[in-house]
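Novice: This is target26.pdb (PDB, C-alpha atoms).
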```pdb
MODEL        1
ATOM      1  CA  MET A   1       8.628 -10.558 -18.375
ATOM      2  CA  ARG A   2       9.518  -7.400 -16.454
ATOM      3  CA  LYS A   3       6.464  -5.563 -17.808
ATOM      4  CA  TYR A   4       4.242  -8.466 -16.769
ATOM      5  CA  PHE A   5       5.351  -8.133 -13.146
ATOM      6  CA  LEU A   6       4.991  -4.364 -13.284
ATOM      7  CA  TYR A   7       1.385  -4.714 -14.458
ATOM      8  CA  LEU A   8       0.742  -7.366 -11.832
ATOM      9  CA  MET A   9       2.126  -5.183  -9.048
ATOM     10  CA  ALA A  10       0.128  -2.185 -10.255
ATOM     11  CA  ALA A  11      -3.070  -4.237 -10.365
ATOM     12  CA  LEU A  12      -2.471  -5.595  -6.875
ATOM     13  CA  TYR A  13      -1.909  -2.093  -5.498
ATOM     14  CA  VAL A  14      -5.079  -0.776  -7.105
ATOM     15  CA  LEU A  15      -7.122  -3.753  -5.876
ATOM     16  CA  ALA A  16      -5.685  -3.497  -2.367
ATOM     17  CA  GLY A  17      -6.383   0.230  -2.319
ATOM     18  CA  LEU A  18      -9.977  -0.290  -3.419
ATOM     19  CA  ASN A  19     -10.358  -2.964  -0.764
ATOM     20  CA  HIS A  20      -9.714  -0.276   1.865
ATOM     21  CA  PHE A  21     -13.103   1.180   0.876
ATOM     22  CA  ARG A  22     -14.848  -2.163   0.531
ATOM     23  CA  ASN A  23     -13.682  -3.648   3.843
ATOM     24  CA  PRO A  24     -12.278  -0.887   6.084
ATOM     25  CA  ALA A  25     -12.902  -2.896   9.273
ATOM     26  CA  PHE A  26     -10.128  -5.322   8.297
ATOM     27  CA  TYR A  27      -7.594  -2.498   7.986
ATOM     28  CA  MET A  28      -8.766  -0.696  11.128
ATOM     29  CA  GLN A  29      -7.952  -3.846  13.143
ATOM     30  CA  ILE A  30      -4.299  -3.685  12.132
ATOM     31  CA  MET A  31      -3.901   0.054  12.716
ATOM     32  CA  PRO A  32      -1.531   0.864  15.586
ATOM     33  CA  PRO A  33      -3.516   2.033  18.621
ATOM     34  CA  TRP A  34      -1.417   5.176  19.003
ATOM     35  CA  LEU A  35      -2.621   6.556  15.655
ATOM     36  CA  PRO A  36      -5.723   8.737  15.870
ATOM     37  CA  TRP A  37      -8.603   8.769  13.372
ATOM     38  CA  HIS A  38      -8.373   5.154  12.230
ATOM     39  CA  TYR A  39     -11.186   5.297   9.688
ATOM     40  CA  PRO A  40      -9.969   8.403   7.785
ATOM     41  CA  LEU A  41      -6.406   7.061   7.780
ATOM     42  CA  VAL A  42      -7.561   3.730   6.351
ATOM     43  CA  LEU A  43      -9.338   5.576   3.550
ATOM     44  CA  LEU A  44      -6.327   7.821   2.957
ATOM     45  CA  SER A  45      -3.987   4.836   2.734
ATOM     46  CA  GLY A  46      -6.407   3.242   0.256
ATOM     47  CA  VAL A  47      -6.208   6.350  -1.919
ATOM     48  CA  ALA A  48      -2.410   6.280  -1.645
ATOM     49  CA  GLU A  49      -2.253   2.646  -2.777
ATOM     50  CA  VAL A  50      -4.496   3.330  -5.768
ATOM     51  CA  ILE A  51      -2.283   6.294  -6.731
ATOM     52  CA  VAL A  52       0.864   4.165  -6.470
ATOM     53  CA  GLY A  53      -0.740   1.507  -8.678
ATOM     54  CA  ILE A  54      -1.588   4.111 -11.294
ATOM     55  CA  LEU A  55       1.869   5.715 -11.106
ATOM     56  CA  LEU A  56       3.494   2.354 -11.794
ATOM     57  CA  LEU A  57       1.656   2.230 -15.141
ATOM     58  CA  MET A  58       2.613   5.745 -16.259
ATOM     59  CA  PRO A  59       6.128   5.622 -17.789
ATOM     60  CA  PRO A  60       7.153   9.150 -16.748
ATOM     61  CA  HIS A  61       6.148   8.371 -13.158
ATOM     62  CA  THR A  62       7.147   4.720 -12.826
ATOM     63  CA  LEU A  63      10.194   5.631 -10.739
ATOM     64  CA  ALA A  64       8.090   7.701  -8.312
ATOM     65  CA  GLY A  65       5.618   4.828  -8.021
ATOM     66  CA  SER A  66       8.440   2.377  -7.419
ATOM     67  CA  MET A  67       9.909   4.578  -4.693
ATOM     68  CA  ALA A  68       6.519   4.865  -2.996
ATOM     69  CA  ASP A  69       6.118   1.085  -3.288
ATOM     70  CA  TYR A  70       9.514   0.575  -1.640
ATOM     71  CA  SER A  71       8.530   2.992   1.122
ATOM     72  CA  PHE A  72       5.247   1.169   1.813
ATOM     73  CA  ILE A  73       6.886  -2.249   1.917
ATOM     74  CA  THR A  74       9.781  -1.084   4.094
ATOM     75  CA  ARG A  75       7.451   0.544   6.607
ATOM     76  CA  TYR A  76       5.158  -2.465   6.721
ATOM     77  CA  PHE A  77       7.924  -4.966   7.383
ATOM     78  CA  SER A  78       9.713  -2.711   9.876
ATOM     79  CA  ARG A  79       6.470  -2.469  11.900
ATOM     80  CA  GLN A  80       5.476  -6.123  11.583
ATOM     81  CA  TYR A  81       8.943  -7.538  12.242
ATOM     82  CA  PRO A  82      10.851  -5.004  14.407
ATOM     83  CA  ASP A  83      13.532  -7.574  15.328
ATOM     84  CA  GLY A  84      14.173  -8.628  11.741
ATOM     85  CA  TYR A  85      12.783 -11.409   9.599
TER
ENDMDL
END
```
Could you quickly redo this structure as structure tokens?
Specialist:
Amino acid sequence: MRKYFLYLMAALYVLAGLNHFRNPAFYMQIMPPWLPWHYPLVLLSGVAEVIVGILLLMPPHTLAGSMADYSFITRYFSRQYPDGY
């Protein structure tokens, strides 16, 4: 069961990363206004998500992928909900 969820998470990261290239306007809307170069940063974050998805499927690098995943999720929720959940 654990492997199933690992594959699911990896697939979702890869699909979300590819969606950054397919629909960048959606991601540029949620970029903080204080960040410069919205379009290149959206593409860069798409590449990062694809890499994390691939790392999750490579046994020697699963831990690195998991740590990057934790970092992404923590940063997202700390920005979206600064006062807590």
Novice: Which polymer residues, whether protein, DNA or RNA, lie within 12 Å of the coordinate (-12.6, 0.6, 3.8) when you count only C-alpha atoms? List them as a PyMOL selection string, using the chain letters and numbers from the file.
Specialist: chain A and resi 15-29+38-47
Novice: If you measure from CA of Tyr4 (chain A) to CA of Leu57 (chain A), what distance in Å do you get, rounded to one decimal?
Specialist: 11.1 Å
Novice: What does the distance from CA of Lys3 (chain A) to CA of Phe72 (chain A) come to in Å, to one decimal?
Specialist: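 Distance between the two atoms: 20.8 Å.
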Novice: Just so the selection is clear, what residues does the PyMOL selection byres ((chain A and resi 10) around 7) cover here, as a ChimeraX atom specification?
Specialist: /A:6-9,11-14,53-54,56-57
Novice: So how far away is CA of Ser71 (chain A) from CA of Pro36 (chain A), in Å?
Specialist: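 Spanning CA of Pro36 (chain A) to CA of Ser71 (chain A) is a straight-line distance of 21.3 Å.
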Novice: Using only C-alpha atoms, which of A:Arg2, A:Pro33, A:Ile73, A:Gly65 sits nearest Ile51 (chain A)?
Specialist: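 Among the listed residues, the smallest separation from Ile51 (chain A) belongs to A:Gly65.
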Novice: Hey, can I get the axis-aligned box for region 1-9 of chain A? All listed atoms, 8 Å padding on each side, centre and edge lengths in Å to one decimal, as JSON.
Specialist:
```
{"center_x": 5.1, "center_y": -7.5, "center_z": -13.7, "size_x": 24.8, "size_y": 22.2, "size_z": 25.3}
```
